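Okay, work-v4.tsv now, which holds TSV, C-alpha atoms:
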```
chain	number	residue	atom	x	y	z
A	1	MET	CA	23.43	-0.11	-22.02
A	2	ILE	CA	23.90	0.10	-25.75
A	3	THR	CA	21.93	2.94	-27.21
A	4	LYS	CA	20.31	3.11	-30.62
A	5	LYS	CA	22.74	5.84	-31.52
A	6	GLN	CA	25.66	3.52	-30.90
A	7	ILE	CA	24.11	0.75	-32.99
A	8	ILE	CA	23.65	3.18	-35.86
A	9	LEU	CA	27.22	4.38	-35.55
A	10	VAL	CA	28.51	0.80	-35.64
A	11	LEU	CA	26.34	-0.03	-38.66
A	12	ARG	CA	27.54	3.08	-40.47
A	13	ILE	CA	31.17	2.19	-39.88
A	14	ILE	CA	30.73	-1.48	-40.82
A	15	LEU	CA	28.77	-0.80	-44.02
A	16	GLY	CA	30.88	2.23	-44.92
A	17	GLY	CA	34.06	0.26	-44.31
A	18	ILE	CA	32.82	-2.61	-46.44
A	19	PHE	CA	32.04	-0.25	-49.32
A	20	VAL	CA	35.39	1.51	-49.14
A	21	TYR	CA	37.19	-1.83	-48.91
A	22	ALA	CA	35.19	-3.27	-51.81
A	23	SER	CA	36.12	-0.36	-54.04
A	24	ILE	CA	39.90	-0.73	-53.66
A	25	ASP	CA	40.52	-3.79	-55.82
A	26	LYS	CA	38.18	-2.41	-58.48
A	27	PHE	CA	40.24	0.78	-58.68
A	28	LEU	CA	43.39	-1.25	-59.15
A	29	HIS	CA	42.02	-3.57	-61.84
A	30	PRO	CA	39.32	-1.85	-63.92
A	31	ALA	CA	39.68	-4.24	-66.85
A	32	ALA	CA	39.33	-7.29	-64.60
A	33	PHE	CA	36.31	-5.71	-62.93
A	34	ALA	CA	34.72	-5.07	-66.33
A	35	GLU	CA	35.24	-8.75	-67.11
A	36	MET	CA	33.41	-9.59	-63.86
A	37	ILE	CA	30.47	-7.43	-64.86
A	38	TYR	CA	30.48	-9.06	-68.29
A	39	ASN	CA	30.39	-12.49	-66.65
A	40	TYR	CA	27.17	-11.60	-64.87
A	41	GLN	CA	25.61	-11.41	-68.35
A	42	ILE	CA	23.05	-8.85	-67.26
A	43	LEU	CA	24.18	-5.43	-68.49
A	44	PRO	CA	24.20	-4.55	-72.21
A	45	ASP	CA	27.72	-4.45	-73.67
A	46	VAL	CA	27.84	-0.65	-74.00
A	47	LEU	CA	27.33	-0.16	-70.26
A	48	ILE	CA	29.88	-2.68	-69.00
A	49	ASN	CA	33.03	-0.56	-69.09
A	50	LEU	CA	31.25	2.60	-67.92
A	51	SER	CA	29.88	0.73	-64.92
A	52	ALA	CA	33.32	-0.67	-64.17
A	53	LEU	CA	34.74	2.87	-64.13
A	54	ILE	CA	31.99	4.63	-62.20
A	55	LEU	CA	30.94	2.00	-59.65
A	56	PRO	CA	34.18	1.93	-57.62
A	57	TRP	CA	34.00	5.72	-57.10
A	58	LEU	CA	30.35	5.53	-56.16
A	59	GLU	CA	31.13	2.80	-53.65
A	60	LEU	CA	33.99	4.86	-52.24
A	61	PHE	CA	31.88	8.02	-51.89
A	62	ILE	CA	28.99	6.16	-50.31
A	63	GLY	CA	31.41	4.47	-47.90
A	64	VAL	CA	33.07	7.75	-46.94
A	65	CYS	CA	29.69	9.47	-46.45
A	66	LEU	CA	28.48	6.62	-44.22
A	67	ILE	CA	31.62	6.65	-42.08
A	68	ALA	CA	31.67	10.44	-41.81
A	69	GLY	CA	27.92	10.64	-41.21
A	70	LYS	CA	27.52	13.19	-43.98
A	71	TRP	CA	24.73	13.20	-46.57
A	72	MET	CA	23.11	10.28	-44.84
A	73	PRO	CA	19.78	10.30	-46.74
A	74	GLY	CA	21.50	10.03	-50.12
A	75	ALA	CA	24.28	7.70	-48.99
A	76	ALA	CA	21.95	5.32	-47.12
A	77	PHE	CA	19.56	5.32	-50.07
A	78	LEU	CA	22.27	4.55	-52.65
A	79	LEU	CA	23.71	1.94	-50.29
A	80	ASN	CA	20.38	0.14	-50.36
A	81	VAL	CA	19.98	0.51	-54.11
A	82	LEU	CA	23.44	-0.91	-54.83
A	83	LEU	CA	23.12	-3.77	-52.36
A	84	LEU	CA	19.73	-4.60	-53.83
A	85	ILE	CA	21.17	-4.66	-57.35
A	86	PHE	CA	24.14	-6.84	-56.28
A	87	PHE	CA	21.81	-9.15	-54.40
A	88	ALA	CA	19.41	-9.47	-57.33
A	89	ALA	CA	22.26	-10.05	-59.78
A	90	LEU	CA	23.70	-12.83	-57.63
A	91	LEU	CA	20.32	-14.47	-57.10
A	92	PHE	CA	19.54	-14.21	-60.80
A	93	ASN	CA	22.72	-16.03	-61.77
A	94	LEU	CA	22.37	-18.58	-59.01
A	95	TYR	CA	18.91	-19.29	-60.42
A	96	ARG	CA	20.21	-19.41	-63.98
A	97	GLY	CA	22.93	-21.79	-62.83
A	98	ILE	CA	25.68	-19.58	-64.18
A	99	ASN	CA	28.74	-20.18	-62.08
A	100	ILE	CA	30.48	-16.88	-61.61
A	101	ASN	CA	32.84	-15.28	-59.22
A	102	CYS	CA	30.85	-12.53	-57.53
A	103	GLY	CA	33.66	-9.99	-57.88
A	104	CYS	CA	32.41	-8.42	-54.69
A	105	PHE	CA	35.78	-7.75	-53.09
A	106	SER	CA	38.34	-9.16	-55.45
A	107	THR	CA	38.59	-9.11	-59.21
A	108	SER	CA	40.74	-12.22	-59.50
A	109	ALA	CA	38.86	-14.59	-61.75
A	110	THR	CA	38.82	-17.89	-59.96
A	111	PRO	CA	35.59	-19.67	-60.76
A	112	SER	CA	33.54	-20.19	-57.65
A	113	GLU	CA	31.58	-23.21	-56.55
A	114	ALA	CA	27.81	-23.05	-56.35
A	115	ASP	CA	27.91	-23.28	-52.57
A	116	SER	CA	30.29	-20.33	-52.34
A	117	MET	CA	27.83	-18.36	-54.49
A	118	LEU	CA	25.23	-19.26	-51.91
A	119	THR	CA	27.55	-17.87	-49.24
A	120	ASP	CA	27.78	-14.63	-51.25
A	121	VAL	CA	24.00	-14.44	-51.44
A	122	VAL	CA	23.58	-14.99	-47.69
A	123	ARG	CA	26.29	-12.44	-46.92
A	124	ASP	CA	24.63	-9.89	-49.21
A	125	ALA	CA	21.30	-10.55	-47.53
A	126	VAL	CA	22.84	-9.74	-44.14
A	127	PHE	CA	24.37	-6.52	-45.51
A	128	LEU	CA	21.04	-5.61	-47.07
A	129	ALA	CA	19.17	-6.19	-43.80
A	130	MET	CA	21.65	-3.93	-42.00
A	131	ALA	CA	21.35	-1.31	-44.72
A	132	ILE	CA	17.54	-1.31	-44.65
A	133	TYR	CA	17.58	-0.87	-40.87
A	134	LEU	CA	20.06	1.99	-41.22
A	135	PHE	CA	17.91	3.69	-43.84
A	136	ILE	CA	14.83	3.45	-41.64
A	137	GLU	CA	16.75	4.97	-38.73
A	138	VAL	CA	18.06	7.77	-40.96
A	139	TYR	CA	14.47	8.44	-41.99
A	140	ILE	CA	13.24	8.56	-38.38
A	141	GLU	CA	16.17	10.73	-37.30
A	142	ASN	CA	15.54	13.06	-40.20
A	143	HIS	CA	11.93	13.56	-39.16
A	144	ARG	CA	12.64	14.05	-35.50
A	145	ARG	CA	14.92	16.99	-36.11
A	146	PRO	CA	14.11	18.56	-39.45
A	147	GLU	CA	16.84	20.84	-40.74
B	1	MET	CA	8.61	13.55	-46.07
B	2	LYS	CA	8.89	15.88	-49.01
B	3	LEU	CA	12.11	17.31	-47.70
B	4	PHE	CA	13.58	13.86	-47.03
B	5	ALA	CA	12.73	12.63	-50.51
B	6	TYR	CA	14.22	15.78	-51.96
B	7	GLN	CA	17.43	15.26	-49.97
B	8	ILE	CA	17.70	11.68	-51.18
B	9	LEU	CA	17.21	12.70	-54.77
B	10	ARG	CA	19.61	15.65	-54.66
B	11	GLN	CA	22.39	13.84	-52.80
B	12	SER	CA	22.07	10.66	-54.87
B	13	VAL	CA	22.22	12.54	-58.13
B	14	ILE	CA	25.26	14.51	-56.99
B	15	LEU	CA	27.06	11.38	-55.76
B	16	ILE	CA	26.36	9.54	-59.02
B	17	LEU	CA	27.37	12.47	-61.21
B	18	LEU	CA	30.51	13.03	-59.17
B	19	SER	CA	31.43	9.36	-59.51
B	20	ALA	CA	30.80	9.46	-63.25
B	21	VAL	CA	32.90	12.59	-63.82
B	22	ILE	CA	35.79	11.47	-61.62
B	23	GLY	CA	35.62	7.85	-62.77
B	24	ILE	CA	35.78	8.75	-66.44
B	25	SER	CA	38.44	11.45	-65.92
B	26	ALA	CA	40.60	9.23	-63.73
B	27	ASN	CA	40.41	6.50	-66.35
B	28	ALA	CA	41.57	8.90	-69.04
B	29	LEU	CA	44.70	9.68	-66.98
B	30	ARG	CA	45.66	6.04	-66.45
B	31	SER	CA	48.19	4.28	-68.59
B	32	ASP	CA	46.14	1.07	-68.40
B	33	ARG	CA	42.87	2.80	-69.22
B	34	VAL	CA	39.92	0.85	-70.54
B	35	PRO	CA	37.81	2.09	-73.46
B	36	LEU	CA	34.57	3.73	-72.29
B	37	ILE	CA	32.60	1.38	-74.47
B	38	GLY	CA	34.25	-1.98	-74.70
B	39	ASN	CA	33.92	-4.56	-77.41
B	40	TRP	CA	32.29	-7.51	-75.67
B	41	SER	CA	31.16	-9.32	-78.82
B	42	PRO	CA	31.85	-13.07	-79.04
B	43	GLU	CA	34.48	-12.37	-81.72
B	44	ALA	CA	36.44	-9.96	-79.53
B	45	GLN	CA	36.18	-12.28	-76.54
B	46	LEU	CA	37.70	-15.09	-78.46
B	47	VAL	CA	41.44	-14.69	-78.16
B	48	SER	CA	44.04	-17.36	-77.69
B	49	ALA	CA	46.45	-17.43	-74.74
B	50	ASP	CA	48.99	-15.40	-76.74
B	51	GLY	CA	46.38	-12.75	-77.58
B	52	LYS	CA	45.63	-13.75	-81.17
B	53	LYS	CA	42.12	-13.30	-82.45
B	54	MET	CA	40.70	-16.73	-83.13
B	55	ALA	CA	37.38	-15.95	-84.73
B	56	ILE	CA	37.18	-16.18	-88.50
B	57	SER	CA	34.52	-14.59	-90.66
B	58	LEU	CA	32.24	-16.63	-92.86
B	59	GLU	CA	33.72	-14.91	-95.91
B	60	ASP	CA	37.25	-15.98	-95.03
B	61	ALA	CA	36.10	-19.46	-94.09
B	62	LYS	CA	34.31	-19.75	-97.42
B	63	THR	CA	37.40	-18.71	-99.35
B	64	LEU	CA	39.54	-21.22	-97.48
B	65	PHE	CA	36.89	-23.86	-98.10
B	66	ASN	CA	36.80	-23.18	-101.83
B	67	THR	CA	40.57	-23.19	-102.15
B	68	GLN	CA	40.76	-26.25	-99.89
B	69	LYS	CA	43.33	-24.53	-97.72
B	70	ALA	CA	41.66	-25.29	-94.42
B	71	VAL	CA	40.44	-28.33	-92.55
B	72	PHE	CA	37.05	-27.93	-90.92
B	73	LEU	CA	36.57	-29.49	-87.53
B	74	ASP	CA	33.10	-30.28	-86.26
B	75	ALA	CA	33.15	-29.99	-82.46
B	76	ARG	CA	29.61	-31.27	-81.99
B	77	SER	CA	28.52	-34.76	-81.00
B	78	PRO	CA	28.94	-37.68	-83.43
B	79	GLU	CA	25.13	-37.82	-83.73
B	80	ASP	CA	24.96	-34.19	-84.87
B	81	TYR	CA	27.90	-34.75	-87.18
B	82	THR	CA	26.28	-37.77	-88.80
B	83	ALA	CA	23.02	-35.88	-89.27
B	84	GLY	CA	24.86	-33.29	-91.32
B	85	HIS	CA	28.16	-31.39	-91.40
B	86	ILE	CA	30.27	-29.08	-93.51
B	87	GLN	CA	31.53	-30.99	-96.52
B	88	GLY	CA	34.86	-32.65	-95.76
B	89	ALA	CA	34.81	-31.69	-92.08
B	90	LYS	CA	36.37	-34.00	-89.53
B	91	ASN	CA	34.52	-34.74	-86.33
B	92	ILE	CA	36.32	-34.02	-83.07
B	93	PRO	CA	33.53	-33.91	-80.47
B	94	TRP	CA	34.86	-31.63	-77.75
B	95	LEU	CA	33.12	-33.63	-75.06
B	96	GLU	CA	34.96	-36.76	-76.20
B	97	PHE	CA	38.14	-35.01	-77.22
B	98	ALA	CA	40.58	-37.64	-75.94
B	99	LYS	CA	38.80	-40.41	-77.77
B	100	TYR	CA	38.65	-38.70	-81.15
B	101	PHE	CA	41.77	-36.56	-81.16
B	102	ASP	CA	44.41	-39.15	-82.03
B	103	GLN	CA	42.84	-40.22	-85.27
B	104	ALA	CA	42.11	-36.67	-86.35
B	105	ALA	CA	45.63	-35.54	-85.39
B	106	SER	CA	47.14	-38.03	-87.79
B	107	GLU	CA	45.29	-36.32	-90.62
B	108	ILE	CA	46.22	-32.70	-89.85
B	109	SER	CA	49.52	-30.90	-89.62
B	110	PRO	CA	50.48	-28.18	-87.10
B	111	ASP	CA	50.77	-25.43	-89.70
B	112	GLN	CA	47.45	-26.16	-91.38
B	113	VAL	CA	44.55	-23.75	-90.96
B	114	LEU	CA	41.94	-25.48	-88.82
B	115	ILE	CA	38.44	-24.09	-88.56
B	116	ALA	CA	36.44	-25.39	-85.63
B	117	TYR	CA	32.70	-24.89	-85.56
B	118	CYS	CA	29.60	-25.90	-83.69
B	119	ASP	CA	26.07	-24.51	-83.62
B	120	GLY	CA	24.79	-21.33	-82.01
B	121	GLU	CA	26.28	-17.94	-81.08
B	122	THR	CA	27.04	-19.07	-77.56
B	123	CYS	CA	28.14	-22.61	-78.32
B	124	HIS	CA	31.47	-23.05	-76.59
B	125	LEU	CA	32.47	-26.45	-78.00
B	126	SER	CA	34.35	-25.04	-80.99
B	127	LYS	CA	36.06	-22.38	-78.89
B	128	GLU	CA	37.30	-24.92	-76.37
B	129	LEU	CA	38.43	-27.21	-79.16
B	130	ALA	CA	40.34	-24.44	-80.95
B	131	LYS	CA	41.96	-23.28	-77.73
B	132	ALA	CA	43.03	-26.81	-76.84
B	133	LEU	CA	44.47	-27.33	-80.31
B	134	THR	CA	46.37	-24.03	-80.09
B	135	GLU	CA	47.87	-25.10	-76.81
B	136	MET	CA	48.91	-28.37	-78.42
B	137	GLY	CA	50.87	-26.52	-81.06
B	138	PHE	CA	48.35	-26.15	-83.86
B	139	GLN	CA	49.16	-22.52	-84.56
B	140	ASN	CA	46.33	-21.78	-86.96
B	141	ALA	CA	43.29	-23.07	-85.12
B	142	ARG	CA	40.36	-20.72	-85.71
B	143	VAL	CA	36.69	-20.65	-84.81
B	144	LEU	CA	33.77	-20.01	-87.10
B	145	ILE	CA	31.25	-18.76	-84.53
B	146	ASN	CA	27.77	-20.18	-85.06
B	147	GLY	CA	29.35	-22.03	-87.96
B	148	TRP	CA	26.83	-24.76	-88.71
B	149	SER	CA	23.84	-22.39	-88.80
B	150	LEU	CA	25.70	-19.83	-90.93
B	151	TRP	CA	26.86	-22.52	-93.33
B	152	ILE	CA	23.34	-23.83	-93.90
B	153	GLN	CA	21.78	-20.38	-94.14
B	154	ASN	CA	24.20	-19.53	-96.90
B	155	GLY	CA	23.51	-22.75	-98.77
B	156	LEU	CA	27.13	-23.90	-98.67
B	157	PRO	CA	28.07	-27.53	-99.35
B	158	ILE	CA	27.25	-30.05	-96.66
B	159	GLN	CA	27.26	-33.79	-96.43
B	160	LYS	CA	25.62	-36.41	-94.24
B	161	GLY	CA	26.72	-39.65	-92.67
B	162	LEU	CA	30.02	-40.75	-91.23
B	163	ARG	CA	33.39	-39.55	-92.50
```

Let me see the structure of the file written as structure tokens.
Amino acid sequence: MITKKQIILVLRIILGGIFVYASIDKFLHPAAFAEMIYNYQILPDVLINLSALILPWLELFIGVCLIAGKWMPGAAFLLNVLLLIFFAALLFNLYRGININCGCFSTSATPSEADSMLTDVVRDAVFLAMAIYLFIEVYIENHRRPE
Amino acid sequence: MKLFAYQILRQSVILILLSAVIGISANALRSDRVPLIGNWSPEAQLVSADGKKMAISLEDAKTLFNTQKAVFLDARSPEDYTAGHIQGAKNIPWLEFAKYFDQAASEISPDQVLIAYCDGETCHLSKELAKALTEMGFQNARVLINGWSLWIQNGLPIQKGLR
């Protein structure tokens, strides 16, 4: 019998692992990642490079927190916020018809097809659903045993 | 609930601040660091394959026009060109590049300054044209971003009709 606790543990490791993994290429190629952010054509110019420098670390910390099970309220919350932003940004550009590489895991700039953007959107939606469930469970857990 | 919200807020703020401090510091230590505030203007974006800036200012374009030291290339459609273009400009519609290039090429030399233009800040026709020409060996292909609008706004000489 799989318990809720086990499901949560698996979700934490999957989502945490994804975030840690996603941060690696961005650490290695900050300039290429900045270009990716620019291609989304959403952020004002002054924030592009700062985001490219800060986001990989934030992803790494959130990922580590999730895997380690530390600071779950903050980590699960930021996880949802970031996934929501990524999801919205992808949808926005899919709607605008701008063909961009999502830059989710790799910063290599091969232009992507519209249908692969759709794949990105669906994948993000799955991550987001998992993250929302995790956040709800963290909330319930937090209220069962207040510190 | 209050406690949970407080935890979220406190932990999120710390995580974000930590990321900002470490991210900016780590960047400063790298040899391939990026500037904290990058230049993402159309002019800065426009560089040729060998890293040369391709954008030209209106002032420079005007000087070259007056001294007749540059050939202006209209990258827009033949219809737009016929309706009005920079005086003396040749029409190489980017979307029909193959069809128009040969004739235009016979009238320009590789070392000549070429100034491609189209209409609008984000118009990519002139950029693509200039990049293609650079790759073909025209070393001095430049782009006057938003050229047509700027030219008219400044009351510079235009002409209508075919070449």

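The coordinates place atom CA of B:Leu133 at 18.9 Å from atom CA of B:Leu64.
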
Next item on the list: With a distance threshold of 8 Å and counting all atoms listed in the file, extract the residues of chain A near chain B and express them as JSON, numbers by chain.
Entry: {"A": [30, 31, 38, 45, 46, 47, 48, 49, 50, 53, 54, 55, 56, 57, 58, 61, 62, 71, 73, 74, 75, 77, 78, 139, 142, 143]}

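Between atom CA of A:Met117 and atom CA of A:Tyr133 the interatomic distance comes to 24.4 Å.
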
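Atom CA of B:Lys52 is found 29.0 Å from atom CA of B:Ile158.
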
Set up a box along x, y and z of the file covering all listed atoms of stretch 42-45 of chain B, add 6 Å on every one of the six sides, and write the centre and edge lengths in Å to one decimal, as JSON.
```
{"center_x": 34.1, "center_y": -11.5, "center_z": -79.1, "size_x": 16.6, "size_y": 15.1, "size_z": 17.2}
```

Check: Could you pull the residues within 10 Å of stretch 153-157 of chain B, counting only C-alpha atoms, minus those fewer than 6 positions along the same chain, as a count of residues only?
Finding: 8

Item checked: Residue contacts of B:Lys160 (6 Å, all atoms listed in the file) excluding same-chain residues fewer than 3 positions away, as a ChimeraX atom specification -> /B:82-84

Keeping only C-alpha atoms, take the residues you just selected and write them out as a PDB file, in the frame of the given file.
```pdb
ATOM      1  CA  THR B  82      26.280 -37.770 -88.800  1.00  0.00           C
ATOM      2  CA  ALA B  83      23.020 -35.880 -89.270  1.00  0.00           C
ATOM      3  CA  GLY B  84      24.860 -33.290 -91.320  1.00  0.00           C
TER       4      GLY B  84
END
```
